[in-house]
Amino acid sequence: MGISQFAVEQLGDVTQVDLPREGEMLKQNESFGSVESGESRIRFLLAPVSGKVVKVNTTLQDSPEYGE
């Protein structure tokens, strides 16, 4: 699960990503994290489905600019 190329283009330079922890349960259409861009716009991420987080891209948390 991730964000679309369109969303990446609209956000510009991503500076911070807040992601759930492995093992966390998500509910469909509820916020589970956020993305912040260089323009200080914060966008909340909504889960498209309910389920358990089995893996988190920790590289993205440490270096959000590489998530593009």
# chains A, B, ... in the order shown; residues from 1 in each chain; ligands from 1
>>> select_by_dssp(residues="chain A", states="strand (DSSP E)", output="PyMOL selection string")
chain A and resi 14-18+25-26+31-37+42-46+51-52
>>> write_last_selection(atoms="N, CA and C atoms", output="PDB file, in the first residue's frame")
ATOM      1  N   VAL A  14       8.875  15.353  -0.172  1.00  0.00           N
ATOM      2  CA  VAL A  14       8.385  14.772   1.075  1.00  0.00           C
ATOM      3  C   VAL A  14       9.493  14.886   2.119  1.00  0.00           C
ATOM      4  N   THR A  15       9.153  15.436   3.284  1.00  0.00           N
ATOM      5  CA  THR A  15      10.148  15.660   4.333  1.00  0.00           C
ATOM      6  C   THR A  15       9.960  14.758   5.551  1.00  0.00           C
ATOM      7  N   GLN A  16       8.756  14.254   5.743  1.00  0.00           N
ATOM      8  CA  GLN A  16       8.501  13.395   6.903  1.00  0.00           C
ATOM      9  C   GLN A  16       7.351  12.455   6.598  1.00  0.00           C
ATOM     10  N   VAL A  17       7.476  11.227   7.088  1.00  0.00           N
ATOM     11  CA  VAL A  17       6.435  10.221   6.918  1.00  0.00           C
ATOM     12  C   VAL A  17       6.179   9.577   8.275  1.00  0.00           C
ATOM     13  N   ASP A  18       4.929   9.475   8.655  1.00  0.00           N
ATOM     14  CA  ASP A  18       4.541   8.810   9.899  1.00  0.00           C
ATOM     15  C   ASP A  18       3.760   7.562   9.503  1.00  0.00           C
ATOM     16  N   MET A  25      -3.287  -3.071  13.786  1.00  0.00           N
ATOM     17  CA  MET A  25      -4.496  -3.341  13.008  1.00  0.00           C
ATOM     18  C   MET A  25      -5.033  -2.027  12.434  1.00  0.00           C
ATOM     19  N   LEU A  26      -5.352  -2.038  11.158  1.00  0.00           N
ATOM     20  CA  LEU A  26      -5.923  -0.866  10.487  1.00  0.00           C
ATOM     21  C   LEU A  26      -7.374  -1.134  10.157  1.00  0.00           C
ATOM     22  N   SER A  31      -7.635   6.908   9.301  1.00  0.00           N
ATOM     23  CA  SER A  31      -6.273   7.405   9.182  1.00  0.00           C
ATOM     24  C   SER A  31      -5.300   6.454   9.877  1.00  0.00           C
ATOM     25  N   PHE A  32      -4.153   6.217   9.225  1.00  0.00           N
ATOM     26  CA  PHE A  32      -3.142   5.353   9.828  1.00  0.00           C
ATOM     27  C   PHE A  32      -1.746   5.979   9.803  1.00  0.00           C
ATOM     28  N   GLY A  33      -1.622   7.171   9.284  1.00  0.00           N
ATOM     29  CA  GLY A  33      -0.325   7.828   9.214  1.00  0.00           C
ATOM     30  C   GLY A  33      -0.452   9.150   8.494  1.00  0.00           C
ATOM     31  N   SER A  34       0.709   9.787   8.235  1.00  0.00           N
ATOM     32  CA  SER A  34       0.681  11.070   7.541  1.00  0.00           C
ATOM     33  C   SER A  34       1.948  11.270   6.725  1.00  0.00           C
ATOM     34  N   VAL A  35       1.854  12.200   5.784  1.00  0.00           N
ATOM     35  CA  VAL A  35       2.973  12.576   4.928  1.00  0.00           C
ATOM     36  C   VAL A  35       3.075  14.090   4.972  1.00  0.00           C
ATOM     37  N   GLU A  36       4.287  14.605   5.185  1.00  0.00           N
ATOM     38  CA  GLU A  36       4.505  16.043   5.210  1.00  0.00           C
ATOM     39  C   GLU A  36       5.463  16.411   4.083  1.00  0.00           C
ATOM     40  N   SER A  37       5.145  17.506   3.390  1.00  0.00           N
ATOM     41  CA  SER A  37       5.991  17.943   2.284  1.00  0.00           C
ATOM     42  C   SER A  37       6.766  19.200   2.672  1.00  0.00           C
ATOM     43  N   ILE A  42       0.456  18.767   5.498  1.00  0.00           N
ATOM     44  CA  ILE A  42       0.360  17.424   6.052  1.00  0.00           C
ATOM     45  C   ILE A  42      -0.871  16.763   5.460  1.00  0.00           C
ATOM     46  N   ARG A  43      -0.675  15.562   4.959  1.00  0.00           N
ATOM     47  CA  ARG A  43      -1.765  14.785   4.381  1.00  0.00           C
ATOM     48  C   ARG A  43      -1.891  13.494   5.172  1.00  0.00           C
ATOM     49  N   PHE A  44      -3.075  13.225   5.656  1.00  0.00           N
ATOM     50  CA  PHE A  44      -3.305  12.006   6.401  1.00  0.00           C
ATOM     51  C   PHE A  44      -3.570  10.863   5.428  1.00  0.00           C
ATOM     52  N   LEU A  45      -3.025   9.712   5.754  1.00  0.00           N
ATOM     53  CA  LEU A  45      -3.189   8.532   4.929  1.00  0.00           C
ATOM     54  C   LEU A  45      -4.381   7.738   5.437  1.00  0.00           C
ATOM     55  N   LEU A  46      -5.239   7.298   4.522  1.00  0.00           N
ATOM     56  CA  LEU A  46      -6.411   6.501   4.879  1.00  0.00           C
ATOM     57  C   LEU A  46      -6.225   5.077   4.387  1.00  0.00           C
ATOM     58  N   GLY A  51      -7.067  -4.486   8.031  1.00  0.00           N
ATOM     59  CA  GLY A  51      -6.118  -5.589   8.122  1.00  0.00           C
ATOM     60  C   GLY A  51      -4.966  -5.281   9.047  1.00  0.00           C
ATOM     61  N   LYS A  52      -4.074  -6.246   9.149  1.00  0.00           N
ATOM     62  CA  LYS A  52      -2.909  -6.161  10.025  1.00  0.00           C
ATOM     63  C   LYS A  52      -1.688  -5.744   9.211  1.00  0.00           C
TER      64      LYS A  52
END
>>> closest_residue(among="A:Asp13, A:Ala47, A:Glu24, A:Gly38", to="Met1 of chain A", atoms="only C-alpha atoms")
A:Ala47
